[in-house]
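Structure file my_file_29.cif; described as mmCIF, C-alpha atoms.
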data_run
loop_
_atom_site.label_atom_id
_atom_site.label_comp_id
_atom_site.auth_asym_id
_atom_site.auth_seq_id
_atom_site.Cartn_x
_atom_site.Cartn_y
_atom_site.Cartn_z
CA MET U 1 -9.05 -9.40 -26.84
CA ARG U 2 -5.41 -8.62 -26.03
CA ASP U 3 -4.19 -6.69 -23.01
CA THR U 4 -0.55 -5.65 -22.70
CA THR U 5 1.17 -5.51 -19.32
CA ALA U 6 3.96 -3.00 -18.96
CA ALA U 7 6.29 -4.86 -16.63
CA SER U 8 6.65 -7.93 -18.77
CA GLY U 9 5.49 -6.93 -22.23
CA ARG U 10 2.95 -9.71 -21.95
CA ALA U 11 -0.08 -9.94 -24.23
CA ARG U 12 -3.07 -11.67 -22.70
CA ILE U 13 -5.22 -13.63 -25.10
CA ASP U 14 -8.69 -14.75 -24.11
CA ALA U 15 -10.09 -18.15 -25.01
CA PRO U 16 -8.97 -20.67 -26.11
CA TYR U 17 -5.81 -19.94 -24.08
CA GLY U 18 -5.81 -20.21 -20.32
CA LEU U 19 -4.43 -17.79 -17.76
CA GLY U 20 -0.75 -17.18 -18.35
CA GLU U 21 -0.60 -18.91 -21.73
CA TRP U 22 0.61 -17.40 -24.98
CA PRO U 23 -0.90 -17.68 -28.47
CA THR U 24 0.35 -20.02 -31.18
CA LEU U 25 0.40 -17.15 -33.67
CA PRO U 26 2.70 -14.10 -33.63
CA LEU U 27 1.47 -10.74 -32.43
CA ARG U 28 -0.15 -8.57 -35.06
CA PRO U 29 1.92 -5.55 -36.22
CA GLU U 30 -0.27 -3.06 -34.34
CA GLU U 31 0.24 -5.04 -31.12
CA ARG U 32 4.01 -5.23 -31.28
CA PHE U 33 4.94 -1.70 -30.26
CA PRO U 34 3.34 -1.73 -26.77
CA VAL U 35 4.69 -5.23 -26.12
CA LEU U 36 8.21 -4.49 -27.36
CA SER U 37 8.37 -1.13 -25.61
CA SER U 38 7.35 -2.61 -22.25
CA ALA U 39 9.52 -5.71 -22.58
CA GLY U 40 12.44 -3.93 -24.23
CA VAL U 41 12.82 -1.16 -21.66
CA TRP U 42 14.39 -3.67 -19.28
CA LEU U 43 17.20 -4.25 -21.77
CA LEU U 44 18.81 -1.09 -20.38
CA PHE U 45 20.20 -3.30 -17.60
CA LEU U 46 22.42 -4.97 -20.18
CA VAL U 47 24.48 -1.78 -20.32
CA TRP U 48 26.66 -3.21 -17.53
CA PRO U 49 27.90 -6.26 -19.43
CA LEU U 50 28.26 -4.08 -22.55
CA VAL U 51 30.46 -1.57 -20.68
CA ALA U 52 32.44 -4.42 -19.12
CA MET U 53 33.12 -5.97 -22.51
CA LEU U 54 34.31 -2.69 -23.99
CA SER U 55 36.37 -1.54 -21.03
CA VAL U 56 38.36 -4.66 -20.13
CA GLY U 57 41.68 -5.36 -21.77
CA ALA U 58 40.47 -8.53 -23.47
CA PRO U 59 41.64 -9.34 -27.02
CA TRP U 60 39.48 -7.81 -29.75
CA GLU U 61 38.40 -11.29 -30.86
CA GLN U 62 36.79 -11.88 -27.44
CA LYS U 63 35.14 -8.46 -27.56
CA VAL U 64 33.67 -9.13 -30.98
CA LEU U 65 32.48 -12.53 -29.80
CA GLY U 66 30.93 -10.95 -26.71
CA LEU U 67 29.16 -8.23 -28.71
CA ALA U 68 27.82 -10.87 -31.12
CA GLY U 69 26.57 -12.90 -28.16
CA LEU U 70 24.89 -9.80 -26.68
CA ALA U 71 23.21 -8.99 -29.98
CA GLY U 72 22.04 -12.58 -30.40
CA PHE U 73 20.66 -12.65 -26.85
CA VAL U 74 18.67 -9.44 -27.35
CA THR U 75 17.30 -10.70 -30.67
CA LEU U 76 16.16 -14.02 -29.17
CA TYR U 77 14.57 -12.26 -26.20
CA ILE U 78 12.60 -9.78 -28.29
CA ARG U 79 11.52 -12.31 -30.91
CA HIS U 80 10.35 -14.71 -28.21
CA PHE U 81 7.87 -12.13 -26.91
CA ILE U 82 6.58 -11.55 -30.44
CA TRP U 83 6.19 -15.26 -31.28
CA PRO U 84 7.11 -17.74 -28.52
CA TRP U 85 5.54 -20.70 -30.32
CA ARG U 86 7.55 -20.67 -33.52
CA ILE U 87 7.80 -24.46 -34.16
CA GLN U 88 4.13 -25.42 -34.27
CA ARG U 89 4.65 -29.17 -34.14
CA TRP U 90 6.45 -28.80 -30.81
CA PRO U 91 4.67 -28.03 -27.53
CA HIS U 92 5.03 -24.56 -26.10
CA TRP U 93 7.50 -25.56 -23.40
CA ALA U 94 9.76 -27.28 -25.95
CA ASN U 95 9.96 -24.05 -27.96
CA THR U 96 11.00 -22.20 -24.79
CA VAL U 97 13.63 -24.86 -23.98
CA LEU U 98 15.15 -24.30 -27.42
CA VAL U 99 15.17 -20.52 -26.97
CA THR U 100 16.69 -20.89 -23.49
CA ALA U 101 19.47 -23.09 -24.85
CA LEU U 102 20.28 -20.61 -27.61
CA MET U 103 20.24 -17.73 -25.13
CA GLY U 104 22.62 -19.73 -22.93
CA LEU U 105 25.06 -20.09 -25.81
CA CYS U 106 24.91 -16.34 -26.40
CA VAL U 107 25.68 -15.71 -22.72
CA LEU U 108 28.67 -18.08 -22.85
CA ALA U 109 30.00 -16.04 -25.76
CA THR U 110 30.04 -12.93 -23.52
CA VAL U 111 31.82 -14.55 -20.55
CA PRO U 112 35.44 -14.17 -21.83
CA SER U 113 35.05 -10.39 -22.10
CA ALA U 114 32.24 -9.60 -19.60
CA GLY U 115 33.20 -12.03 -16.82
CA LEU U 116 30.72 -12.29 -13.94
CA ASN U 117 28.76 -9.35 -15.40
CA ALA U 118 27.16 -12.04 -17.54
CA PHE U 119 24.85 -12.63 -14.56
CA ASN U 120 22.89 -9.58 -15.73
CA PHE U 121 21.42 -11.84 -18.44
CA LEU U 122 19.69 -14.07 -15.86
CA PRO U 123 16.48 -12.01 -15.33
CA PHE U 124 15.79 -12.00 -19.07
CA THR U 125 16.21 -15.78 -19.23
CA LEU U 126 13.77 -16.16 -16.34
CA ALA U 127 11.27 -13.82 -18.00
CA VAL U 128 10.80 -16.07 -21.05
CA TRP U 129 9.60 -18.80 -18.67
CA ILE U 130 7.69 -16.89 -16.00
CA PHE U 131 5.50 -14.65 -18.16
CA PRO U 132 4.57 -16.62 -21.32
CA HIS U 133 3.78 -19.82 -19.36
CA ALA U 134 1.31 -20.74 -16.66
CA ILE U 135 2.66 -20.35 -13.11
CA ARG U 136 2.68 -24.09 -12.47
CA LEU U 137 5.30 -24.52 -15.21
CA GLY U 138 7.14 -21.22 -15.53
CA VAL U 139 7.96 -20.61 -11.86
CA PRO U 140 9.50 -24.04 -11.06
CA VAL U 141 11.68 -23.84 -14.18
CA ALA U 142 12.75 -20.30 -13.29
CA VAL U 143 13.69 -21.40 -9.76
CA GLY U 144 15.76 -24.25 -11.18
CA LEU U 145 17.57 -21.92 -13.59
CA THR U 146 18.32 -19.48 -10.77
CA LEU U 147 19.80 -22.21 -8.58
CA ALA U 148 21.94 -23.47 -11.47
CA TRP U 149 23.24 -19.94 -12.16
CA ALA U 150 23.89 -19.39 -8.45
CA VAL U 151 25.97 -22.57 -8.14
CA LEU U 152 27.89 -21.72 -11.30
CA GLY U 153 28.48 -18.13 -10.20
CA TYR U 154 29.66 -19.08 -6.73
CA SER U 155 32.07 -21.60 -8.18
CA ALA U 156 33.48 -19.07 -10.64
CA GLY U 157 33.63 -16.09 -8.27
CA ALA U 158 34.54 -17.64 -4.93
CA GLU U 159 38.24 -16.89 -5.24
CA SER U 160 37.83 -13.33 -6.53
CA GLY U 161 35.10 -12.43 -4.04
CA ALA U 162 32.73 -11.39 -6.84
CA TRP U 163 30.20 -14.10 -6.08
CA TRP U 164 27.95 -11.43 -4.47
CA LEU U 165 26.84 -10.54 -7.99
CA ILE U 166 24.55 -13.58 -7.68
CA ILE U 167 22.39 -11.75 -5.10
CA PRO U 168 20.88 -8.93 -7.23
CA SER U 169 20.36 -11.30 -10.13
CA SER U 170 18.57 -13.80 -7.86
CA LEU U 171 16.38 -11.05 -6.39
CA ALA U 172 14.99 -10.59 -9.88
CA LEU U 173 13.37 -14.02 -9.51
CA VAL U 174 11.44 -12.92 -6.43
CA ILE U 175 10.30 -9.71 -8.08
CA MET U 176 9.13 -11.41 -11.28
CA VAL U 177 7.32 -14.21 -9.45
CA ALA U 178 5.49 -11.65 -7.29
CA LEU U 179 4.57 -9.70 -10.41
CA ARG U 180 3.42 -12.84 -12.21
CA VAL U 181 1.21 -13.91 -9.28
CA SER U 182 -0.27 -10.41 -9.14
CA MET U 183 -1.03 -10.59 -12.86
CA GLU U 184 -2.69 -13.98 -12.41
CA HIS U 185 -4.96 -12.66 -9.66
CA GLU U 186 -5.82 -9.65 -11.79
CA GLU U 187 -6.71 -11.87 -14.74
CA LYS U 188 -8.85 -14.14 -12.58
CA GLY U 189 -10.65 -11.11 -11.17
CA ARG U 190 -11.22 -9.77 -14.68
CA ALA U 191 -12.51 -13.13 -15.88
CA LEU U 192 -14.88 -13.34 -12.90
CA SER U 193 -16.13 -9.80 -13.51
CA GLU U 194 -16.80 -10.61 -17.17
CA GLU U 195 -18.65 -13.79 -16.18
CA LEU U 196 -20.79 -11.91 -13.66
CA ALA U 197 -21.54 -9.18 -16.19
CA LEU U 198 -22.59 -11.80 -18.73
CA SER U 199 -24.79 -13.49 -16.15
CA ARG U 200 -26.47 -10.20 -15.26
CA GLN U 201 -26.99 -9.46 -18.95
CA ARG U 202 -28.62 -12.85 -19.50
CA GLU U 203 -30.84 -12.33 -16.48
CA GLN U 204 -31.83 -8.89 -17.72
CA VAL U 205 -32.68 -10.21 -21.19
CA GLY U 206 -34.68 -13.09 -19.71
CA ARG U 207 -36.58 -10.72 -17.45
CA ASP U 208 -37.34 -8.30 -20.28
CA VAL U 209 -38.48 -11.06 -22.64
CA HIS U 210 -40.73 -12.51 -19.92
CA ASP U 211 -42.31 -9.13 -19.21
CA LEU U 212 -42.82 -8.42 -22.89
CA LEU U 213 -44.26 -11.78 -23.88
CA GLY U 214 -46.26 -12.29 -20.70
CA HIS U 215 -48.33 -9.20 -21.37
CA SER U 216 -48.50 -9.52 -25.16
CA LEU U 217 -49.48 -13.18 -25.19
CA THR U 218 -52.17 -12.56 -22.56
CA VAL U 219 -53.75 -9.86 -24.72
CA ILE U 220 -53.41 -12.01 -27.86
CA THR U 221 -55.12 -14.93 -26.08
CA LEU U 222 -58.01 -12.74 -24.93
CA LYS U 223 -58.56 -11.17 -28.34
CA THR U 224 -58.29 -14.49 -30.16
CA ASP U 225 -60.87 -16.03 -27.82
CA LEU U 226 -63.14 -13.01 -28.36
CA ALA U 227 -62.78 -13.30 -32.15
CA ARG U 228 -63.63 -17.01 -31.97
CA ARG U 229 -66.85 -16.23 -30.14
CA LEU U 230 -67.77 -13.41 -32.55
CA VAL U 231 -66.99 -15.19 -35.79
CA ASP U 232 -70.66 -16.25 -36.30
CA ALA U 233 -72.48 -13.44 -34.47
CA ASP U 234 -70.46 -10.47 -35.74
CA PRO U 235 -67.97 -11.44 -38.48
CA GLU U 236 -66.80 -7.85 -39.08
CA ARG U 237 -65.89 -7.31 -35.44
CA ALA U 238 -64.23 -10.72 -35.32
CA LYS U 239 -62.17 -9.71 -38.35
CA ALA U 240 -61.19 -6.45 -36.60
CA GLU U 241 -60.10 -8.35 -33.49
CA LEU U 242 -57.99 -10.70 -35.58
CA GLU U 243 -56.36 -7.73 -37.30
CA GLU U 244 -55.43 -6.40 -33.85
CA VAL U 245 -54.05 -9.81 -32.91
CA LEU U 246 -51.88 -9.75 -36.02
CA GLY U 247 -50.64 -6.27 -35.16
CA LEU U 248 -49.88 -7.31 -31.58
CA SER U 249 -47.96 -10.34 -32.81
CA ARG U 250 -45.79 -8.22 -35.08
CA GLN U 251 -45.25 -5.66 -32.33
CA SER U 252 -44.26 -8.39 -29.85
CA LEU U 253 -41.80 -9.88 -32.32
CA ALA U 254 -40.19 -6.47 -32.85
CA GLU U 255 -40.02 -5.83 -29.10
CA VAL U 256 -38.35 -9.17 -28.44
CA ARG U 257 -35.79 -8.51 -31.17
CA ASN U 258 -35.07 -5.06 -29.75
CA THR U 259 -34.78 -6.48 -26.25
CA VAL U 260 -32.30 -9.14 -27.31
CA GLY U 261 -30.34 -6.42 -29.07
CA GLY U 262 -30.45 -4.22 -25.97
CA LEU U 263 -32.49 -1.52 -27.72
CA HIS U 264 -35.96 -1.76 -26.17
CA VAL U 265 -36.97 0.83 -23.59
CA PRO U 266 -40.72 0.84 -22.83
CA GLU U 267 -42.56 4.17 -23.02
CA LEU U 268 -44.97 4.79 -20.15
CA GLY U 269 -47.56 6.69 -22.16
CA ALA U 270 -47.73 3.95 -24.78
CA GLN U 271 -47.88 1.34 -22.00
CA LEU U 272 -50.90 3.05 -20.43
CA ALA U 273 -52.69 2.90 -23.76
CA SER U 274 -51.70 -0.75 -24.17
CA VAL U 275 -52.94 -1.86 -20.74
CA ARG U 276 -56.21 0.01 -21.32
CA THR U 277 -56.75 -2.06 -24.46
CA ALA U 278 -55.82 -5.25 -22.63
CA LEU U 279 -58.17 -4.57 -19.70
CA GLN U 280 -61.02 -3.75 -22.05
CA ALA U 281 -60.43 -6.98 -23.99
CA ALA U 282 -60.59 -8.88 -20.69
CA GLY U 283 -63.88 -7.17 -19.74
CA ILE U 284 -62.32 -5.31 -16.78
CA SER U 285 -63.38 -1.74 -16.06
CA ALA U 286 -60.28 0.46 -15.95
CA ARG U 287 -59.45 3.80 -14.34
CA LEU U 288 -56.11 4.93 -15.74
CA PRO U 289 -54.21 8.21 -16.02
CA GLU U 290 -54.15 9.81 -19.43
CA PRO U 291 -50.99 8.96 -21.42
CA ASP U 292 -50.15 12.68 -21.74
CA SER U 293 -50.08 13.09 -17.94
CA VAL U 294 -46.79 11.22 -17.54
CA ALA U 295 -44.65 13.70 -19.45
CA GLU U 296 -43.50 15.50 -16.27
CA LEU U 297 -42.14 12.33 -14.63
CA PRO U 298 -38.35 11.77 -14.76
CA ALA U 299 -37.28 9.56 -17.65
CA ASP U 300 -35.76 6.82 -15.47
CA ARG U 301 -38.95 6.56 -13.40
CA ARG U 302 -41.12 6.43 -16.50
CA GLU U 303 -39.15 3.42 -17.74
CA LEU U 304 -39.39 1.61 -14.38
CA TYR U 305 -43.10 2.39 -14.02
CA ALA U 306 -43.74 1.13 -17.57
CA TRP U 307 -42.15 -2.26 -16.82
CA CYS U 308 -43.97 -2.59 -13.49
CA LEU U 309 -47.32 -1.47 -14.92
CA ARG U 310 -47.05 -4.01 -17.72
CA GLU U 311 -46.39 -6.93 -15.34
CA ALA U 312 -48.91 -5.82 -12.71
CA VAL U 313 -51.81 -5.46 -15.18
CA THR U 314 -50.89 -8.78 -16.81
CA ASN U 315 -51.25 -10.46 -13.40
CA VAL U 316 -54.58 -8.72 -12.83
CA ILE U 317 -55.91 -10.07 -16.14
CA ARG U 318 -54.55 -13.59 -15.67
CA HIS U 319 -55.14 -14.24 -11.98
CA ALA U 320 -57.25 -11.65 -10.17
CA ASP U 321 -60.68 -12.43 -11.68
CA ALA U 322 -61.35 -8.73 -11.14
CA ALA U 323 -64.13 -6.48 -12.39
CA HIS U 324 -62.33 -3.18 -11.81
CA CYS U 325 -58.71 -2.06 -11.95
CA THR U 326 -57.36 1.33 -10.93
CA VAL U 327 -53.92 2.70 -11.76
CA THR U 328 -52.53 5.73 -9.91
CA LEU U 329 -49.33 7.48 -10.90
CA ALA U 330 -47.37 10.08 -8.93
CA GLY U 331 -43.80 11.29 -8.98
CA ASP U 332 -42.63 8.82 -6.35
CA ARG U 333 -45.08 5.97 -6.62
CA LEU U 334 -47.18 3.71 -8.82
CA LEU U 335 -50.29 1.91 -7.52
CA VAL U 336 -52.23 -0.82 -9.31
CA ALA U 337 -55.37 -1.90 -7.40
CA ASP U 338 -58.07 -4.43 -8.30
CA ASP U 339 -61.18 -5.91 -6.66
CA GLY U 340 -60.36 -9.52 -7.45
CA VAL U 341 -59.86 -12.66 -5.41
CA GLY U 342 -56.88 -11.29 -3.48
CA LEU U 343 -53.43 -12.45 -2.58
CA GLY U 344 -54.36 -15.80 -1.07
CA ALA U 345 -55.85 -17.15 -4.30
CA CYS U 346 -52.93 -16.27 -6.56
CA PRO U 347 -51.13 -19.33 -7.92
CA ALA U 348 -47.70 -19.87 -6.40
CA GLU U 349 -46.02 -19.90 -9.77
CA ASP U 350 -47.35 -16.50 -10.80
CA GLY U 351 -48.38 -14.64 -7.72
CA PRO U 352 -47.62 -14.19 -4.03
CA GLY U 353 -48.80 -16.30 -1.16
CA THR U 354 -51.27 -15.23 1.51
CA GLY U 355 -50.86 -12.10 3.56
CA PRO U 356 -49.37 -8.69 2.86
CA ARG U 357 -45.66 -8.39 2.33
CA THR U 358 -43.41 -5.33 2.14
CA THR U 359 -39.89 -5.71 0.83
CA PRO U 360 -37.67 -2.66 1.03
CA ALA U 361 -34.56 -2.84 -1.07
CA GLY U 362 -31.75 -4.49 0.85
CA SER U 363 -34.06 -6.11 3.45
CA PRO U 364 -33.81 -9.84 4.19
CA ALA U 365 -37.08 -10.47 2.45
CA ALA U 366 -35.94 -8.71 -0.65
CA ALA U 367 -32.65 -10.54 -0.66
CA GLY U 368 -34.19 -13.95 -0.07
CA SER U 369 -37.52 -15.15 -1.43
CA PRO U 370 -39.24 -11.95 -2.64
CA LEU U 371 -42.89 -11.40 -1.78
CA ALA U 372 -43.19 -14.98 -0.47
CA ALA U 373 -45.35 -16.25 2.33
CA GLY U 374 -46.49 -19.57 3.59
CA GLY U 375 -43.55 -21.24 1.87
CA ARG U 376 -44.83 -20.28 -1.56
CA SER U 377 -42.62 -18.16 -3.81
CA THR U 378 -43.50 -15.64 -6.43
CA GLY U 379 -43.20 -16.34 -10.10
CA THR U 380 -40.72 -15.03 -12.61
CA GLY U 381 -42.67 -11.85 -13.36
CA LEU U 382 -42.94 -10.60 -9.77
CA ARG U 383 -39.35 -11.57 -9.03
CA GLY U 384 -38.24 -9.59 -12.07
CA MET U 385 -40.36 -6.63 -11.01
CA LEU U 386 -38.92 -6.75 -7.51
CA ARG U 387 -35.39 -6.83 -8.91
CA ARG U 388 -36.05 -3.77 -11.06
CA VAL U 389 -37.43 -1.83 -8.09
CA GLU U 390 -34.51 -2.87 -5.87
CA GLU U 391 -31.98 -1.76 -8.48
CA ALA U 392 -33.71 1.64 -8.56
CA GLY U 393 -33.47 1.88 -4.75
CA GLY U 394 -37.23 1.62 -4.25
CA ARG U 395 -39.73 -0.55 -2.38
CA LEU U 396 -42.34 -2.97 -3.73
CA THR U 397 -45.42 -3.64 -1.56
CA MET U 398 -48.41 -5.93 -2.10
CA THR U 399 -51.45 -5.69 0.22
CA GLU U 400 -55.17 -6.39 0.11
CA THR U 401 -57.28 -3.59 -1.32
CA HIS U 402 -60.30 -4.31 0.90
CA PRO U 403 -59.19 -6.49 3.86
CA GLY U 404 -61.87 -8.70 5.37
CA ARG U 405 -64.07 -8.97 2.31
CA ASP U 406 -64.75 -12.17 0.42
CA ARG U 407 -62.99 -10.62 -2.54
CA PRO U 408 -60.37 -8.41 -0.91
CA GLY U 409 -58.55 -7.56 -4.12
CA THR U 410 -54.86 -6.70 -4.39
CA THR U 411 -52.97 -3.43 -4.37
CA LEU U 412 -49.44 -3.34 -5.73
CA GLU U 413 -47.37 -0.27 -4.88
CA VAL U 414 -43.99 0.76 -6.19
CA HIS U 415 -42.51 3.49 -4.03
CA LEU U 416 -39.30 5.35 -4.94
#
For this file, produce the structure as structure tokens.
Amino acid sequence: MRDTTAASGRARIDAPYGLGEWPTLPLRPEERFPVLSSAGVWLLFLVWPLVAMLSVGAPWEQKVLGLAGLAGFVTLYIRHFIWPWRIQRWPHWANTVLVTALMGLCVLATVPSAGLNAFNFLPFTLAVWIFPHAIRLGVPVAVGLTLAWAVLGYSAGAESGAWWLIIPSSLALVIMVALRVSMEHEEKGRALSEELALSRQREQVGRDVHDLLGHSLTVITLKTDLARRLVDADPERAKAELEEVLGLSRQSLAEVRNTVGGLHVPELGAQLASVRTALQAAGISARLPEPDSVAELPADRRELYAWCLREAVTNVIRHADAAHCTVTLAGDRLLVADDGVGLGACPAEDGPGTGPRTTPAGSPAAAGSPLAAGGRSTGTGLRGMLRRVEEAGGRLTMTETHPGRDRPGTTLEVHL
């Protein structure tokens, strides 16, 4: 990816080049116009030495020499921004040293006719060091060049009083260094933003894959175990269960592929039908809304509820040891309740610790160890569910369904 910067005509190239470094290959034709237009606009400041060369009473030979030097300087400057690494066997800085030396010769050719107006060439000489190179190299060299020009200019203009021309040319150094530092900070901020976006994307994919496979593999395990037990007693039913296992496997593979490609969005009605099948395969009595009843819910809530329902029912099947499971859906909330062993018996790696916990989005509990108690943290599934609810601005709560009983059960509520 290339990004042109107007003040310097600089093209930023991502890896393998670091911040402030230029490519080894020339710019492509379609990239040259924005670079040359932004870098070339500053050449208007060379009007002063051009006017000086044409207006002074110098011999025509000196004027021709000066005009040739001006033309050569402009050519070197422009070509350096198109391809600053022309001699590949040389390091980058050596190429710039060569260009600087040639530009210096061109400036010397303008001195007989332009006089101290030749100091207008200084900012362009500094630019070929400050912008194509990293700050640690370009800025020290630019400072050295400015000091050398200042000493030379003072020596040449002390008697005539024109040495003050050094001041505006030297101010260009301060302006370009400030611009270069600003560009560096902008690039670092952009790189950090891209890294954070990539990290969030990876986390999102990991969370989606976990939620998809956690549910699907649980159902596949249950149905495979059921088929194994039925293979002698009821071969036809065992065959039907295995056919469903095969279908679930193919569906899971397609869902994972879609998730990795960023295409998978779960559908709440289909998820209700899926969890009904899963609960029945686990031998758990289920009370669920009809799939058609969710059509009036907003689309963004249907997606969130589908993810949460999938993970919550998977945990009921795997950990609750429940006989009944009830799912309640409303416009602003989702409840999944069971009559199982309760919060205290959930394994630390897959469920919460003992005691009810409420974690509103933005609270310390939500920002720290979500739904944790007694020093035991939730597993990947509940952490992913909590993150989804937080991003939607909601609240995730887990309490006991029947407090005080031997089997208090668990109620999970998502409130938006």
Determine the residue membership of the PyMOL selection byres ((chain U and resi 40) around 12) for the file above and supply it as a ChimeraX atom specification. /U:6-10,32-39,41-46,74-82,124,127
Explicit residues for the PyMOL selection byres ((chain U and resi 342) around 9) (as a ChimeraX atom specification): /U:320,338-341,343-346,354,399-402,406-411
Applied to the shown file, which residues does the PyMOL selection byres ((chain U and resi 123) around 8) return, written as a ChimeraX atom specification? /U:120-122,124-127,169-170,172-173
From the list U:Leu27, U:Leu50, U:Ala150, U:Ile135, which residue is nearest Trp83 of chain U when using all atoms listed in the file? U:Leu27
Expressed in Å to a single decimal, how great is the separation between atom CA of Arg136 of chain U and atom CA of Phe119 of chain U? 25.0 Å
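If you look at atom CA of Ala323 of chain U and atom CA of Ile284 of chain U, they are 4.9 Å away from each other.
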Between U:Ser285, U:Val294, U:Arg302, U:Met385, which is the closest to Asn315 of chain U once you count all atoms listed in the file? U:Met385
Using all atoms listed in the file, pick whichever of U:Ala322, U:Ala71, U:Ser55, U:Val219 has the shortest atom-to-atom distance to Ser249 of chain U.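 Selected residue with least distance to Ser249 of chain U: U:Val219.
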For Leu65 of chain U: contacts at 12 Å, all atoms listed in the file, fewer than 3 positions along chain excluded, given as a ChimeraX atom specification: /U:50,53-54,58-62,68-72,105-114
Name the residues in contact with Ala299 of chain U at a cut-off of 10 Å, using all atoms listed in the file, excluding same-chain residues fewer than 5 positions from it; report them as a ChimeraX atom specification. /U:267-268,294,304-305
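Among the candidates U:Pro298, U:Gly404, U:Gly384, U:His319, the one nearest to Leu416 of chain U when counting all atoms listed in the file is U:Pro298.
From atom CA of Glu187 of chain U back to atom CA of Gln88 of chain U, the distance works out to 26.1 Å.
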